[in-house]
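Next up, model-v6.cif (mmCIF, C-alpha atoms):
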```
data_work
#
loop_
_atom_site.label_atom_id
_atom_site.label_comp_id
_atom_site.auth_asym_id
_atom_site.auth_seq_id
_atom_site.Cartn_x
_atom_site.Cartn_y
_atom_site.Cartn_z
CA MET A 1 -10.76 8.83 0.25
CA LYS A 2 -11.65 5.29 1.27
CA ILE A 3 -8.80 2.86 1.76
CA ALA A 4 -8.47 -0.87 2.26
CA ILE A 5 -6.34 -2.31 5.01
CA GLY A 6 -5.41 -5.88 5.68
CA SER A 7 -2.96 -8.09 7.50
CA ASP A 8 -2.07 -11.64 8.22
CA LYS A 9 -1.29 -12.87 11.74
CA SER A 10 2.20 -11.32 11.78
CA GLY A 11 0.91 -7.88 10.91
CA PHE A 12 -2.21 -7.95 13.07
CA PRO A 13 -1.02 -5.87 16.07
CA VAL A 14 0.39 -3.12 13.83
CA LYS A 15 -2.74 -3.15 11.67
CA GLU A 16 -4.95 -2.69 14.72
CA ALA A 17 -2.92 0.37 15.77
CA VAL A 18 -3.13 1.82 12.25
CA LYS A 19 -6.88 1.18 12.16
CA ALA A 20 -7.32 3.09 15.43
CA TRP A 21 -5.35 6.03 13.98
CA LEU A 22 -7.39 5.98 10.78
CA ALA A 23 -10.63 6.02 12.77
CA GLU A 24 -9.39 8.86 15.01
CA ASN A 25 -8.59 10.87 11.89
CA ASN A 26 -11.92 10.17 10.20
CA ILE A 27 -10.32 8.28 7.33
CA GLU A 28 -12.78 5.77 5.91
CA PHE A 29 -11.42 2.25 5.59
CA ASP A 30 -12.42 -1.38 5.28
CA ASP A 31 -10.47 -4.18 6.94
CA LEU A 32 -10.17 -6.95 4.37
CA GLY A 33 -7.67 -9.12 6.21
CA THR A 34 -7.45 -10.96 9.49
CA VAL A 35 -9.97 -9.47 11.89
CA ASP A 36 -9.98 -12.30 14.40
CA MET A 37 -6.84 -14.10 15.54
CA ASN A 38 -8.91 -17.32 15.66
CA GLU A 39 -9.54 -17.02 11.90
CA VAL A 40 -6.19 -16.01 10.45
CA HIS A 41 -5.91 -15.22 6.74
CA PRO A 42 -2.50 -15.83 5.07
CA TYR A 43 -0.71 -12.94 3.38
CA TYR A 44 -1.30 -14.20 -0.14
CA GLN A 45 -5.04 -14.45 0.45
CA VAL A 46 -5.27 -10.93 1.89
CA ALA A 47 -3.19 -9.35 -0.89
CA SER A 48 -5.19 -11.28 -3.52
CA GLU A 49 -8.41 -9.89 -2.09
CA VAL A 50 -7.24 -6.29 -1.81
CA ALA A 51 -5.35 -5.85 -5.10
CA PRO A 52 -8.35 -6.39 -7.42
CA LYS A 53 -10.24 -3.76 -5.44
CA ILE A 54 -7.45 -1.28 -6.21
CA GLN A 55 -7.65 -2.34 -9.87
CA ASP A 56 -11.38 -1.74 -10.15
CA GLY A 57 -11.29 1.56 -8.27
CA SER A 58 -13.21 0.40 -5.19
CA TYR A 59 -10.30 1.81 -3.18
CA GLU A 60 -7.78 4.47 -4.13
CA LYS A 61 -5.08 3.19 -1.78
CA ALA A 62 -4.41 0.25 0.50
CA ILE A 63 -2.24 -0.69 3.44
CA LEU A 64 -1.07 -4.29 3.76
CA ILE A 65 0.89 -5.64 6.70
CA CYS A 66 2.52 -9.05 7.03
CA GLY A 67 5.77 -10.11 8.72
CA THR A 68 8.15 -8.16 6.49
CA GLY A 69 5.85 -6.48 3.97
CA ALA A 70 7.59 -8.40 1.19
CA GLY A 71 5.03 -11.18 0.77
CA MET A 72 2.11 -8.78 0.51
CA SER A 73 4.06 -6.66 -1.96
CA VAL A 74 4.99 -9.61 -4.18
CA VAL A 75 1.40 -10.83 -4.42
CA ALA A 76 -0.25 -7.41 -4.80
CA ASN A 77 2.14 -6.49 -7.61
CA LYS A 78 0.86 -9.42 -9.68
CA PHE A 79 -2.20 -7.31 -10.47
CA LYS A 80 -2.07 -4.77 -13.32
CA GLY A 81 -2.24 -1.20 -12.09
CA VAL A 82 -1.33 -2.10 -8.53
CA TYR A 83 1.91 -0.54 -7.35
CA ALA A 84 2.73 -2.01 -3.96
CA VAL A 85 5.92 -1.03 -2.15
CA ALA A 86 7.31 -2.65 0.99
CA CYS A 87 8.67 0.18 3.13
CA GLU A 88 10.53 0.24 6.42
CA GLY A 89 10.58 3.98 7.10
CA ILE A 90 8.73 7.26 6.76
CA TYR A 91 10.90 8.65 3.97
CA ALA A 92 10.50 5.50 1.88
CA ALA A 93 6.70 5.60 2.33
CA LYS A 94 6.59 9.25 1.27
CA MET A 95 8.85 8.77 -1.74
CA ALA A 96 6.98 5.63 -2.83
CA ARG A 97 4.04 7.98 -3.42
CA ALA A 98 5.95 11.00 -4.72
CA ILE A 99 8.20 9.16 -7.15
CA ASN A 100 6.56 5.80 -7.85
CA ASN A 101 2.89 6.74 -7.47
CA ALA A 102 2.49 3.67 -5.28
CA ASN A 103 -1.10 2.91 -4.37
CA VAL A 104 -0.39 0.17 -1.82
CA LEU A 105 1.85 0.59 1.21
CA CYS A 106 3.19 -2.71 2.55
CA MET A 107 4.84 -2.90 5.95
CA GLY A 108 6.30 -5.57 8.18
CA GLY A 109 4.85 -6.17 11.62
CA TRP A 110 8.17 -7.75 12.61
CA ILE A 111 10.06 -4.67 11.41
CA VAL A 112 8.09 -1.55 12.29
CA GLY A 113 6.28 -0.85 15.52
CA PRO A 114 2.84 0.72 15.74
CA GLU A 115 4.07 4.30 16.13
CA MET A 116 6.41 4.05 13.13
CA ALA A 117 3.67 2.39 11.07
CA ILE A 118 1.27 5.24 11.83
CA GLU A 119 3.83 7.84 10.76
CA MET A 120 4.51 5.87 7.58
CA VAL A 121 0.78 5.70 6.81
CA ARG A 122 0.43 9.43 7.47
CA ALA A 123 3.27 10.18 5.02
CA PHE A 124 1.89 7.77 2.43
CA LEU A 125 -1.66 9.12 2.56
CA ASN A 126 -0.64 12.78 2.66
CA THR A 127 1.81 12.69 -0.26
CA ALA A 128 0.71 13.22 -3.84
CA TRP A 129 2.45 11.87 -6.89
CA CYS A 130 5.31 14.23 -7.86
CA GLN A 131 4.77 16.32 -4.72
CA ASP A 132 7.78 18.53 -3.93
CA LEU A 133 9.75 17.24 -6.93
CA GLU A 134 11.68 19.51 -9.22
CA ASP A 135 9.88 20.21 -12.51
CA TRP A 136 12.33 18.18 -14.57
CA ARG A 137 11.95 15.19 -12.25
CA ALA A 138 8.13 15.40 -12.32
CA VAL A 139 8.20 15.42 -16.13
CA ASN A 140 10.38 12.31 -16.05
CA MET A 141 8.07 10.60 -13.54
CA HIS A 142 5.15 11.03 -15.95
CA LYS A 143 7.24 9.61 -18.80
CA PHE A 144 8.32 6.69 -16.64
CA ALA A 145 4.72 5.99 -15.59
CA ALA A 146 3.70 5.81 -19.24
CA GLN A 147 6.53 3.37 -19.91
CA VAL A 148 5.50 1.19 -16.98
CA ALA A 149 1.90 1.22 -18.27
CA ALA A 150 3.18 0.11 -21.67
CA ILE A 151 5.08 -2.76 -20.06
CA GLU A 152 1.92 -3.78 -18.20
CA ASP A 153 -0.09 -3.66 -21.42
CA GLU A 154 2.49 -5.85 -23.12
CA ILE A 155 2.38 -8.40 -20.31
CA TYR A 156 -1.31 -8.34 -19.44
CA GLY A 157 -2.87 -6.95 -22.60
CA ALA A 158 -4.43 -3.54 -23.06
#
```

Could the structure of this file be written out as structure tokens, please?
Amino acid sequence: MKIAIGSDKSGFPVKEAVKAWLAENNIEFDDLGTVDMNEVHPYYQVASEVAPKIQDGSYEKAILICGTGAGMSVVANKFKGVYAVACEGIYAAKMARAINNANVLCMGGWIVGPEMAIEMVRAFLNTAWCQDLEDWRAVNMHKFAAQVAAIEDEIYGA
């Protein structure tokens, strides 16, 4: 699995820690955000660059980090088929995958420290959609995903 990662200035220190963890664990990634604090990219620019690459399948998942995670999430979710969730804890990151089939984890560099961010990324990347859910709940999740896809088709066209 190859993932995209990106941050603005506020998320830069956390992103660098996550990148080091990804590299240590042989997880292939591309940094599509701020890579030099002298050339800072704003959150909306980073999210707008990453989200289309989730849409077209260049990346299966992405990690976006700004001040709170909210800005990245708002922008990334403007793109059909991109399911970005701003999370502040490990359980939320895991359940965003298991229940919502999120493909973009957004975090806040002002909210979570590097160690927490790494644990959140680990949970996000190691959780499959419907993993550990009761059968009835997994069936519902598939129905709900189809309904969300129908809403997207109505808004964006098929």

Could you give me, as a Markdown table, a per-residue list for stretch 84-154 of chain A showing, wherever an atom lies at most 6 Å from an atom of stretch 9-19 of chain A, the closest pair of atoms and their distance in Å to one decimal, using all atoms listed in the file and sorting by chain then residue number from low to high?
```
| residue | atom | partner | partner_atom | distance |
| --- | --- | --- | --- | --- |
| A:Gly109 | CA | A:Gly11 | CA | 4.4 |
| A:Pro114 | CA | A:Val14 | CA | 4.9 |
| A:Ile118 | CA | A:Val18 | CA | 5.6 |
```

Chain and number of each residue from the PyMOL selection byres ((chain A and resi 21-32) around 6), as a compact mmCIF listing (two decimals) with C-alpha atoms, in the coordinates of the input:
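The new file result_2.txt reads:
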```
# COMPACT_ATOMS: atom_id res chain seq x y z
CA LYS A 2 -11.65 5.29 1.27
CA ILE A 3 -8.80 2.86 1.76
CA ALA A 4 -8.47 -0.87 2.26
CA ILE A 5 -6.34 -2.31 5.01
CA GLY A 6 -5.41 -5.88 5.68
CA VAL A 18 -3.13 1.82 12.25
CA LYS A 19 -6.88 1.18 12.16
CA ALA A 20 -7.32 3.09 15.43
CA GLY A 33 -7.67 -9.12 6.21
```

Check which residues satisfy the PyMOL selection byres ((chain A and resi 65-81) around 6) in the file shown, then give them as a PyMOL selection string.
chain A and resi 7-8+10-11+43+47+51+55+64+82-86+106-110

Using the selection just defined, write its residues with C-alpha atoms as a PDB file, in the frame of the given file.
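Final output, part-v4.pdb:
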```pdb
ATOM      1  CA  SER A   7      -2.960  -8.090   7.500  1.00  0.00           C
ATOM      2  CA  ASP A   8      -2.070 -11.640   8.220  1.00  0.00           C
ATOM      3  CA  SER A  10       2.200 -11.320  11.780  1.00  0.00           C
ATOM      4  CA  GLY A  11       0.910  -7.880  10.910  1.00  0.00           C
ATOM      5  CA  TYR A  43      -0.710 -12.940   3.380  1.00  0.00           C
ATOM      6  CA  ALA A  47      -3.190  -9.350  -0.890  1.00  0.00           C
ATOM      7  CA  ALA A  51      -5.350  -5.850  -5.100  1.00  0.00           C
ATOM      8  CA  GLN A  55      -7.650  -2.340  -9.870  1.00  0.00           C
ATOM      9  CA  LEU A  64      -1.070  -4.290   3.760  1.00  0.00           C
ATOM     10  CA  VAL A  82      -1.330  -2.100  -8.530  1.00  0.00           C
ATOM     11  CA  TYR A  83       1.910  -0.540  -7.350  1.00  0.00           C
ATOM     12  CA  ALA A  84       2.730  -2.010  -3.960  1.00  0.00           C
ATOM     13  CA  VAL A  85       5.920  -1.030  -2.150  1.00  0.00           C
ATOM     14  CA  ALA A  86       7.310  -2.650   0.990  1.00  0.00           C
ATOM     15  CA  CYS A 106       3.190  -2.710   2.550  1.00  0.00           C
ATOM     16  CA  MET A 107       4.840  -2.900   5.950  1.00  0.00           C
ATOM     17  CA  GLY A 108       6.300  -5.570   8.180  1.00  0.00           C
ATOM     18  CA  GLY A 109       4.850  -6.170  11.620  1.00  0.00           C
ATOM     19  CA  TRP A 110       8.170  -7.750  12.610  1.00  0.00           C
TER      20      TRP A 110
END
```

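Considering all atoms listed in the file, the residue among A:Ala102, A:Leu133, A:Val139, A:Ala92 positioned nearest to A:Met120 is A:Ala92.
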
Of A:Ala117, A:Pro52, A:Tyr156, A:Ile111, the one nearest to A:Tyr91 when counting only C-alpha atoms is A:Ala117

Expressed in Å to a single decimal, how great is the separation between atom CA of A:Asn100 and atom CA of A:Val46?
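Straight-line distance from atom CA of A:Asn100 to atom CA of A:Val46 works out to 22.7 Å.
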
Kindly give the distance, in Å, that separates atom CA of A:Ala128 and atom CA of A:Glu60, rounded to a single decimal.
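Pair atom CA of A:Ala128 / atom CA of A:Glu60 returns 12.2 Å.
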
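With all atoms listed in the file as the atoms that count, the residue of A:Val35, A:Ala98, A:Asn103, A:Gly89 with the shortest distance to A:Lys53 is A:Asn103.
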
The distance between atom CA of A:Leu105 and atom CA of A:Val50 is 11.8 Å

Residue nearest A:Ala146 - candidates A:Cys87, A:Met1, A:Gln45, A:Asn101, atoms counted: only C-alpha atoms
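Closest to A:Ala146, using only C-alpha atoms: A:Asn101.
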